[in-house]
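Asks: What follows is final_11.cif, mmCIF, C-alpha atoms.
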data_protein
loop_
_atom_site.label_atom_id
_atom_site.label_comp_id
_atom_site.auth_asym_id
_atom_site.auth_seq_id
_atom_site.Cartn_x
_atom_site.Cartn_y
_atom_site.Cartn_z
CA MET L 1 7.94 17.47 10.12
CA ALA L 2 5.72 14.41 9.74
CA PHE L 3 6.36 11.75 7.10
CA THR L 4 3.33 9.86 5.79
CA LEU L 5 3.27 6.43 4.17
CA VAL L 6 0.22 4.79 2.61
CA LEU L 7 0.41 1.04 2.10
CA LEU L 8 -2.25 -0.08 -0.38
CA ARG L 9 -2.86 -3.71 -1.22
CA HIS L 10 -3.93 -4.07 -4.85
CA ALA L 11 -7.65 -4.58 -5.52
CA LYS L 12 -9.23 -7.99 -6.22
CA SER L 13 -7.76 -9.73 -9.24
CA ALA L 14 -9.02 -12.27 -11.74
CA TYR L 15 -7.46 -15.66 -12.40
CA PRO L 16 -7.70 -16.09 -16.18
CA THR L 17 -6.55 -19.46 -17.49
CA GLY L 18 -3.06 -19.39 -18.94
CA VAL L 19 -2.21 -15.91 -17.66
CA PRO L 20 1.01 -15.70 -15.60
CA ASP L 21 0.57 -14.41 -12.04
CA HIS L 22 2.39 -11.14 -12.80
CA ASP L 23 -0.05 -10.37 -15.63
CA ARG L 24 -3.35 -11.10 -13.86
CA PRO L 25 -5.79 -8.18 -14.24
CA LEU L 26 -8.37 -6.88 -11.80
CA ASN L 27 -11.75 -8.56 -11.77
CA LEU L 28 -15.06 -6.64 -11.74
CA ARG L 29 -15.01 -6.16 -7.96
CA GLY L 30 -11.43 -4.93 -8.17
CA ARG L 31 -12.40 -2.39 -10.81
CA THR L 32 -15.02 -0.94 -8.47
CA ASP L 33 -12.95 -1.19 -5.27
CA ALA L 34 -9.85 0.58 -6.66
CA PRO L 35 -11.66 3.92 -7.23
CA ALA L 36 -13.26 3.61 -3.77
CA ALA L 37 -9.79 3.13 -2.26
CA GLY L 38 -8.56 6.18 -4.14
CA ARG L 39 -11.40 8.35 -2.84
CA ALA L 40 -10.72 7.24 0.72
CA ILE L 41 -6.96 7.83 0.36
CA ARG L 42 -7.49 11.30 -1.11
CA GLN L 43 -9.80 12.14 1.80
CA ALA L 44 -7.37 10.77 4.40
CA VAL L 45 -4.10 12.08 2.98
CA GLY L 46 -4.65 14.39 0.00
CA PHE L 47 -1.73 14.83 -2.39
CA ILE L 48 1.09 12.29 -2.20
CA GLU L 49 4.61 13.16 -3.32
CA THR L 50 5.82 9.74 -4.46
CA ALA L 51 4.04 6.61 -5.69
CA LEU L 52 5.88 3.28 -5.72
CA VAL L 53 3.84 0.75 -7.69
CA SER L 54 4.53 -2.93 -8.34
CA THR L 55 4.85 -3.72 -12.03
CA ALA L 56 2.21 -6.45 -11.74
CA THR L 57 -0.85 -5.72 -13.88
CA ARG L 58 -3.27 -5.81 -10.93
CA ALA L 59 -1.19 -3.27 -8.97
CA GLN L 60 -0.81 -0.98 -11.99
CA GLN L 61 -4.56 -1.13 -12.67
CA THR L 62 -5.33 -0.45 -8.99
CA TRP L 63 -3.13 2.65 -9.14
CA ASP L 64 -4.58 3.85 -12.44
CA LEU L 65 -8.19 3.41 -11.30
CA SER L 66 -7.58 4.91 -7.85
CA GLY L 67 -7.24 8.45 -9.17
CA VAL L 68 -4.75 9.29 -6.42
CA GLN L 69 -2.53 12.18 -7.45
CA ALA L 70 1.21 11.90 -6.92
CA GLY L 71 4.14 14.13 -7.72
CA ALA L 72 6.15 11.23 -9.13
CA LYS L 73 5.40 7.59 -9.93
CA GLN L 74 7.93 4.79 -9.98
CA ASP L 75 7.08 1.40 -11.45
CA ARG L 76 8.98 -1.02 -9.22
CA SER L 77 9.55 -4.63 -10.26
CA ASP L 78 11.17 -5.20 -6.85
CA LEU L 79 7.76 -4.70 -5.20
CA TYR L 80 6.24 -7.68 -7.02
CA LEU L 81 5.58 -10.22 -4.25
CA ALA L 82 8.22 -8.51 -2.09
CA SER L 83 8.73 -9.41 1.56
CA TRP L 84 8.19 -6.71 4.16
CA VAL L 85 11.98 -6.37 4.50
CA ASP L 86 12.41 -5.75 0.77
CA MET L 87 9.46 -3.34 0.76
CA LEU L 88 10.99 -1.41 3.65
CA ASP L 89 14.25 -1.13 1.70
CA VAL L 90 12.28 0.48 -1.15
CA VAL L 91 10.46 2.85 1.24
CA ARG L 92 13.78 3.93 2.72
CA THR L 93 14.84 5.28 -0.69
CA VAL L 94 12.05 7.88 -0.69
CA ASN L 95 13.22 11.44 -0.18
CA ALA L 96 9.85 13.16 0.19
CA PRO L 97 7.36 13.86 2.98
CA SER L 98 4.74 11.42 1.67
CA ALA L 99 4.63 8.20 -0.31
CA ILE L 100 2.26 5.44 -1.31
CA VAL L 101 3.21 1.84 -2.01
CA VAL L 102 0.83 -0.26 -4.13
CA ALA L 103 1.83 -3.87 -3.76
CA HIS L 104 0.91 -7.37 -2.63
CA ASN L 105 0.39 -9.55 0.40
CA PRO L 106 1.81 -10.83 2.58
CA GLY L 107 4.46 -8.09 2.26
CA THR L 108 2.03 -5.17 2.51
CA GLU L 109 0.28 -6.32 5.67
CA ASP L 110 3.53 -7.51 7.24
CA LEU L 111 5.19 -4.15 6.64
CA ALA L 112 2.22 -2.25 8.07
CA ALA L 113 2.23 -4.46 11.17
CA ARG L 114 6.01 -4.07 11.64
CA LEU L 115 6.05 -0.30 11.19
CA ALA L 116 3.06 0.54 13.37
CA ALA L 117 3.78 0.82 17.06
CA ASP L 118 1.14 -1.21 18.89
CA SER L 119 -1.44 1.34 19.88
CA GLY L 120 -3.92 -1.20 21.19
CA SER L 121 -6.61 0.53 19.15
CA ALA L 122 -9.46 -1.40 17.57
CA GLU L 123 -8.26 -0.18 14.16
CA TYR L 124 -4.77 -1.58 14.79
CA GLN L 125 -6.20 -4.92 15.92
CA ARG L 126 -8.50 -5.07 12.87
CA MET L 127 -5.50 -4.48 10.59
CA LEU L 128 -3.63 -7.36 12.22
CA VAL L 129 -6.56 -9.76 11.74
CA LYS L 130 -7.05 -9.18 8.02
CA PHE L 131 -5.57 -6.89 5.37
CA PRO L 132 -7.81 -7.72 2.38
CA THR L 133 -7.58 -6.53 -1.21
CA ALA L 134 -8.10 -2.76 -1.65
CA ALA L 135 -7.27 -2.18 2.02
CA PHE L 136 -4.82 0.50 3.00
CA ALA L 137 -2.96 1.68 6.08
CA VAL L 138 -1.83 5.26 6.64
CA LEU L 139 1.26 5.51 8.83
CA ARG L 140 3.05 8.60 10.14
CA ALA L 141 6.38 9.22 11.83
CA ASP L 142 8.52 12.23 12.67
CA VAL L 143 11.64 10.80 11.05
CA PRO L 144 12.52 10.63 7.33
CA PHE L 145 11.77 7.38 5.49
CA ALA L 146 15.49 6.55 5.38
CA ARG L 147 15.30 5.99 9.15
CA TRP L 148 12.03 4.04 9.30
CA ASP L 149 12.16 0.74 11.15
CA SER L 150 9.97 -1.52 13.26
CA ASP L 151 7.56 0.28 15.61
CA CYS L 152 8.63 3.72 14.34
CA ALA L 153 5.26 4.93 13.07
CA ARG L 154 1.77 5.65 14.28
CA LEU L 155 -1.17 4.02 12.50
CA VAL L 156 -3.32 6.98 11.48
CA SER L 157 -5.98 4.93 9.75
CA PHE L 158 -6.79 1.53 8.30
CA GLU L 159 -9.59 1.20 5.78
CA VAL L 160 -10.99 -1.51 3.54
CA ALA L 161 -12.36 0.11 0.41
CA ARG L 162 -15.41 -1.34 -1.27
CA GLY L 163 -17.05 0.21 -4.32
#
Spit out the file's structure as C-alpha cells when you get a sec.

Replies:
Amino acid sequence: MAFTLVLLRHAKSAYPTGVPDHDRPLNLRGRTDAPAAGRAIRQAVGFIETALVSTATRAQQTWDLSGVQAGAKQDRSDLYLASWVDMLDVVRTVNAPSAIVVAHNPGTEDLAARLAADSGSAEYQRMLVKFPTAAFAVLRADVPFARWDSDCARLVSFEVARG
C-alpha cells in the first residue's frame, strides 16, 4: 500500500500594520493562488484522508479557499513556524493512507527536501531551488507515516500554483 503526503506552503500573505504574524491574512494574490493550488492538488491526488493545518490565519485561509476535500481536519498550533523535525513528528502521528500539511517555510520546504530521495529529476531540483507560496510537493512511500524518515519517499510532483 502506498502512503501519500502533500506538503502545501500557505499562499501569499499580507502584512497589515499592527497585526501579529500569526494573524496575518492572505493578500489578493494569495486569495487567487489558494484555489489554484486546490485544483492542482485535487487533480494530482484526489481525496485526502487527513488534513493537518497550522492555526495561523494565512494557513487556515489557504486551506479554506483550496477546496481540497479531506476526511478529517486537525488545526495544529504546533505547525505554526515549525521546523522540519517538528513537522515530521506531526506527520508520524497520521494513521491514514493520505495526508496534507498546510504550513510555513522554511519547515515545509525543508521537510519535502529531507523526505524525498534524490531522484535527480528536474522537478526535484526545481523544488530544492525555491518552494514559494502556494507551492506543494506530493510525496509517496510504501511505509506508514509512523515510519517516515529522511530519503524514504519518492517525489511524485512539485507544483507552484498561480491563479

Asks: Quick check on the file I pasted: which residues fall under the PyMOL selection byres ((chain L and resi 75-88) around 10)? Write them as a PyMOL selection string.

Replies: chain L and resi 22+51-56+59-60+73-74+89-93+101-115+145-146+148-150

Asks: So, counting only C-alpha atoms, which residue among L:Gly18, L:Arg162, L:Leu155, L:Gly46 is closest to Asp118 in chain L?

Replies: L:Leu155

Asks: If I put a ball of radius 12 Å at (-8.5, 11.7, 3.2) in the file's coordinates, which residues poke into it when counting only C-alpha atoms, written as a VMD selection string?

Replies: chain L and resid 6 36 to 48 68 136 to 138 156 to 159

Asks: Would you work out the distance separating CA of Thr4 in chain L from CA of Pro25 in chain L, expressed in Å to one decimal?

Replies: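 Separation between CA of Thr4 in chain L and CA of Pro25 in chain L: 28.5 Å.
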
Asks: To one decimal place, how far is CA of Arg9 in chain L from CA of Thr32 in chain L in Å?

Replies: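 Pair CA of Arg9 in chain L / CA of Thr32 in chain L returns 14.4 Å.
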